[in-house]
Every structure is written in C-alpha cells, then in structure tokens.
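Asker: Can you keep this structure in mind? I'll have questions shortly.
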Amino acid sequence: MSQAGESIAFEQPLTERVRTFLRLEFLFGQHEHHRRDHSEFGVRATLHTMLDTLVVLSRSDLKNDILKELTDQHTHLTRLAARPNIDRDRLGDILGEITRAQNGLQQLATQFAGSLLRESDFLNGILNRSGIPGGTCGFDLPHYHFWLSQPYERVRRDLDAWRADIKPFTDAIGLYLRLLRASVEPQPAEGRGGMYIVTPPGPCQLIRVLVAQQSGVYPEISAGKHRCTVRFMNARDAVARAQQTTTDVGFQIQFCAL
C-alpha cells in the first residue's frame, strides 16, 4: 500500500517477480526509515531489516531478473525515440537512469547476498536468533551486544559496508516499479454495492486501486488472467470485524504492464 495525494493506492501483484519486487521495495523503505534513528533500537531495526532483505535477495537470481526487465525496457524506449511528438529530453533522462541501474547491478556478484550471510558468523548468528521473540537480547548474543555499544560512527561504517551491495537493487527495483506504475493512467470506476468485477484489458503485472482516504473503505483484490474482482470493506472501526459495504464506491483503477 502507498499513499498518493488524497487517495490511498492498494496494489495487487499478478506475477511472482513483481510480488518479490514489492516486498523488497517495502524492506528498502523500512531500512531507510530506521537508518535515521541512531539509538540502539534504531540500529537494531536497521540491521534486522537489512537481514530480511538479504534473505529475500539470496533466494533466487534476482540480479538477472531485474537486469532482464531493465534491458527490455531500454530496448522498448529506445524504439520510441523515432516517433514524432516524443519528449526526447524526458526519454533521454529515463534511458540514462536505466543505464546507470544496469551498470550498478552488473558490478555485483550474482549470489552476493547468500555469500555474505554464509561467510559472516556475526550476521548469521543474529539472523538465526531473530525469529525468536526477544531472541537477540544481550545474554543471547554478547558479540551483538558489544557491537551495539560501540560509537555510532563505527556502527554506521559497518552498516554502510553491508548496505553497499544492496543499494544497486534499491535503485533498480525502485526504477522498474516507477515505470510499471506509470505505464497506464488511472481510470475511473464504480463498485456497485461494494463490488466491482471486470475483465482486464490485456496482460498485466500489477493492479492498482486508488480509493479516497475519506471513503472509509478498503479494497480486497483478487485477480487472474481473465477476471478481476474488487470487494470494498468497511474500515471505520479497527476492532470490529470488517464487512463488505453495501453502498456504491467510486474509485480509480490501473492495470499496469511493461
């Protein structure tokens, strides 16, 4: 979920690749937020989010996945340059961003995340204990407790070193998702009696539903290749069980594809 102006954007990925990219975008945002907190608990949150990110990055060949996506987009956008009425300055900026993202990724080892976790007893120890509630207390991990007590300049140096290989993914995935979300303009729609059913206009990788903040409802989105269903649920009380609204709901929808 992301907020845009006076609307809330709810997103439903339709491919496993986009699902993974959205999870990483969420973790990147968490990491950047916690990095601004220099307290012990801020550093803990920063490191634990980074470890979650490394686990996701180590599970598949995401480097080649995102490189393929960016290469396809670079080829497609380059062809657009020959068309009339194209903003060539804007197009050149985007192509430059793609090239820089590609170059950053190509400098990385393919399985750097898995290697970092395997080769660092310090990080691996924290990762193994982090799934246990309160499992990274000082008496559980004295090395971690000692590291957290060091001057922040030293701690930040270590955090920055571990983050260095993640930064190219942050840039590349952020760029890809920005292009994906901008691939089509939002279209007005209406959920009659709290329900909206539509056939997607073509292959898509991401569905976005934009709902006014003041509407008091949120969408539950389910979709496949041939049908998309959006149910709008009442959300005025966080304690009560949510139920589908019976009123008509105006909203906007995007079927995003690259």
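By order of appearance in the structure tokens: chains A, B, ..., then residues from 1 within every chain, and ligands from 1 in the order shown.
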Name all residues at most 7 Å from Ala189 (chain A) (count only C-alpha atoms; drop same-chain ones fewer than 6 positions away) and give them as a ChimeraX atom specification.

Answerer: /A:250-253

Asker: I'd like the contact shell of Ala172 (chain A) - 10 Å cut-off, only C-alpha atoms, skipping same-chain residues fewer than 6 positions apart - returned as a PyMOL selection string.

Answerer: chain A and resi 21+63+66-67+69-70+97-105+178

Asker: Compare A:Arg241, A:Ile94, A:Asp89, A:Ile221 by their minimum atom-to-atom distance to Leu77 (chain A), counting only C-alpha atoms, and give me the closest one.

Answerer: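 Closest to Leu77 (chain A), using only C-alpha atoms: A:Ile94.
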
Asker: Considering only C-alpha atoms, return as a list of chain:residue names whatever protein or nucleic-acid residues lie within 8 Å of Met233 (chain A), sequence-local ones (same chain, fewer than 4 positions apart) excluded.

Answerer: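 Answer for this query is A:Gly194, A:Val217, A:Tyr218, A:Pro219, A:Glu220, A:Ala242, A:Gln243, A:Gln244, A:Thr245.
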
Asker: Using only C-alpha atoms, find the one residue out of A:Ile132, A:Ile197, A:Met50, A:Cys137 that sits nearest to Lys167 (chain A).

Answerer: A:Met50

Asker: Quick one: everything within 12 Å of Thr246 (chain A), counting only C-alpha atoms, minus sequence neighbours fewer than 6 positions away in the same chain. Send it as a list in words.

Answerer: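 My list of contacting residues is Gly191, Arg192, Gly193, Gly194, Met195, Tyr196, Val217, Arg231, Phe232, Met233 and Asn234 of chain A.
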
Asker: Go through region 57-227 of chain A and collect every residue that DSSP, computed from the backbone, puts in strand (DSSP E); the answer should be as a PyMOL selection string.

Answerer: chain A and resi 187-191+195-198+206-212+217-223

Asker: Identify, on the basis of only C-alpha atoms, every residue whose closest approach to Arg129 (chain A) does not exceed 12 Å; exclude the query and any residue fewer than 2 positions from it along the same chain; express the result as a ChimeraX atom specification.

Answerer: /A:48,51,122-127,131-141,144

Asker: What does the file look like for those residues with N, CA, C and O atoms, as an mmCIF file, in the first residue's frame?

Answerer:
data_model
loop_
_atom_site.group_PDB
_atom_site.id
_atom_site.type_symbol
_atom_site.label_atom_id
_atom_site.label_comp_id
_atom_site.auth_asym_id
_atom_site.auth_seq_id
_atom_site.Cartn_x
_atom_site.Cartn_y
_atom_site.Cartn_z
ATOM 1 N N HIS A 48 18.175 -5.548 11.318
ATOM 2 C CA HIS A 48 17.242 -6.657 11.133
ATOM 3 C C HIS A 48 16.502 -6.533 9.801
ATOM 4 O O HIS A 48 16.240 -7.539 9.124
ATOM 5 N N LEU A 51 18.892 -7.658 7.150
ATOM 6 C CA LEU A 51 18.992 -9.115 7.109
ATOM 7 C C LEU A 51 17.793 -9.721 6.382
ATOM 8 O O LEU A 51 17.946 -10.668 5.594
ATOM 9 N N PHE A 122 28.849 -13.345 12.455
ATOM 10 C CA PHE A 122 28.156 -12.303 13.215
ATOM 11 C C PHE A 122 26.739 -12.108 12.684
ATOM 12 O O PHE A 122 25.756 -12.189 13.442
ATOM 13 N N LEU A 123 26.602 -11.877 11.370
ATOM 14 C CA LEU A 123 25.272 -11.660 10.783
ATOM 15 C C LEU A 123 24.426 -12.922 10.841
ATOM 16 O O LEU A 123 23.218 -12.865 11.110
ATOM 17 N N ASN A 124 25.045 -14.073 10.597
ATOM 18 C CA ASN A 124 24.295 -15.324 10.605
ATOM 19 C C ASN A 124 23.755 -15.631 11.997
ATOM 20 O O ASN A 124 22.632 -16.132 12.140
ATOM 21 N N GLY A 125 24.534 -15.315 13.015
ATOM 22 C CA GLY A 125 24.067 -15.540 14.378
ATOM 23 C C GLY A 125 22.852 -14.690 14.714
ATOM 24 O O GLY A 125 21.888 -15.165 15.334
ATOM 25 N N ILE A 126 22.878 -13.421 14.304
ATOM 26 C CA ILE A 126 21.729 -12.539 14.546
ATOM 27 C C ILE A 126 20.513 -13.027 13.769
ATOM 28 O O ILE A 126 19.390 -13.070 14.287
ATOM 29 N N LEU A 127 20.728 -13.417 12.508
ATOM 30 C CA LEU A 127 19.621 -13.906 11.682
ATOM 31 C C LEU A 127 18.975 -15.142 12.291
ATOM 32 O O LEU A 127 17.747 -15.247 12.356
ATOM 33 N N GLY A 131 14.283 -14.825 14.670
ATOM 34 C CA GLY A 131 12.933 -15.388 14.578
ATOM 35 C C GLY A 131 12.343 -15.757 15.926
ATOM 36 O O GLY A 131 11.164 -16.105 16.021
ATOM 37 N N ILE A 132 13.148 -15.687 16.990
ATOM 38 C CA ILE A 132 12.692 -15.996 18.344
ATOM 39 C C ILE A 132 12.300 -14.700 19.035
ATOM 40 O O ILE A 132 13.088 -13.752 19.057
ATOM 41 N N PRO A 133 11.094 -14.585 19.575
ATOM 42 C CA PRO A 133 10.721 -13.340 20.271
ATOM 43 C C PRO A 133 11.732 -13.003 21.364
ATOM 44 O O PRO A 133 11.993 -13.793 22.259
ATOM 45 N N GLY A 134 12.331 -11.829 21.257
ATOM 46 C CA GLY A 134 13.339 -11.413 22.227
ATOM 47 C C GLY A 134 14.633 -12.202 22.124
ATOM 48 O O GLY A 134 15.469 -12.138 23.034
ATOM 49 N N GLY A 135 14.836 -12.899 21.000
ATOM 50 C CA GLY A 135 15.963 -13.811 20.891
ATOM 51 C C GLY A 135 17.313 -13.166 20.649
ATOM 52 O O GLY A 135 18.324 -13.869 20.616
ATOM 53 N N THR A 136 17.341 -11.840 20.468
ATOM 54 C CA THR A 136 18.629 -11.161 20.261
ATOM 55 C C THR A 136 19.007 -10.297 21.456
ATOM 56 O O THR A 136 19.691 -9.281 21.317
ATOM 57 N N CYS A 137 18.564 -10.702 22.649
ATOM 58 C CA CYS A 137 18.953 -9.988 23.865
ATOM 59 C C CYS A 137 20.460 -10.087 24.081
ATOM 60 O O CYS A 137 21.134 -10.943 23.501
ATOM 61 N N GLY A 138 20.968 -9.218 24.956
ATOM 62 C CA GLY A 138 22.395 -9.198 25.216
ATOM 63 C C GLY A 138 22.936 -10.524 25.699
ATOM 64 O O GLY A 138 24.046 -10.922 25.327
ATOM 65 N N PHE A 139 22.195 -11.251 26.559
ATOM 66 C CA PHE A 139 22.709 -12.515 27.084
ATOM 67 C C PHE A 139 22.681 -13.616 26.025
ATOM 68 O O PHE A 139 23.411 -14.607 26.128
ATOM 69 N N ASP A 140 21.844 -13.454 24.962
ATOM 70 C CA ASP A 140 21.821 -14.421 23.870
ATOM 71 C C ASP A 140 22.975 -14.217 22.907
ATOM 72 O O ASP A 140 23.567 -15.187 22.412
ATOM 73 N N LEU A 141 23.265 -12.945 22.601
ATOM 74 C CA LEU A 141 24.270 -12.611 21.598
ATOM 75 C C LEU A 141 25.217 -11.548 22.166
ATOM 76 O O LEU A 141 25.091 -10.355 21.869
ATOM 77 N N TYR A 144 26.888 -9.227 19.609
ATOM 78 C CA TYR A 144 25.954 -8.223 19.092
ATOM 79 C C TYR A 144 25.796 -7.105 20.117
ATOM 80 O O TYR A 144 25.812 -5.911 19.774
#

Asker: Quick check for you: according to DSSP on this backbone, which residues of region 17-178 of chain A are classed as alpha helix (DSSP H)? Reply as JSON, numbers by chain.

Answerer: {"A": [17, 18, 19, 20, 21, 22, 23, 24, 25, 26, 27, 28, 29, 30, 31, 32, 33, 34, 35, 40, 41, 42, 43, 44, 45, 46, 47, 48, 49, 50, 51, 52, 53, 54, 55, 56, 57, 58, 62, 63, 64, 65, 66, 67, 68, 69, 70, 71, 72, 73, 74, 75, 76, 77, 78, 79, 80, 88, 89, 90, 91, 92, 93, 94, 95, 96, 97, 98, 99, 100, 101, 102, 103, 104, 105, 106, 112, 113, 114, 115, 116, 117, 118, 119, 121, 122, 123, 124, 125, 126, 127, 128, 129, 142, 143, 144, 145, 146, 147, 148, 152, 153, 154, 155, 156, 157, 158, 159, 160, 161, 162, 163, 167, 168, 169, 170, 171, 172, 173, 174, 175, 176, 177, 178]}

Asker: What is the distance, in Å and to one decimal place, between CA of Gln205 (chain A) and CA of Thr20 (chain A)?

Answerer: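 Separation of CA of Gln205 (chain A) and CA of Thr20 (chain A): 12.1 Å.
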
Asker: Looking at A:Glu6, A:Asp37, A:Glu16, A:Glu11, which one is nearest to Tyr152 (chain A), with distances taken over only C-alpha atoms?

Answerer: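 So, comparing all the options, the nearest one is A:Asp37.
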
Asker: If you measure from CA of Thr170 (chain A) to CA of Leu22 (chain A), what distance in Å do you get, rounded to one decimal?

Answerer: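 Computing it gives 11.1 Å between the two atoms.
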
Asker: Interatomic distance between CA of Thr71 (chain A) and CA of Phe28 (chain A)?

Answerer: 22.5 Å
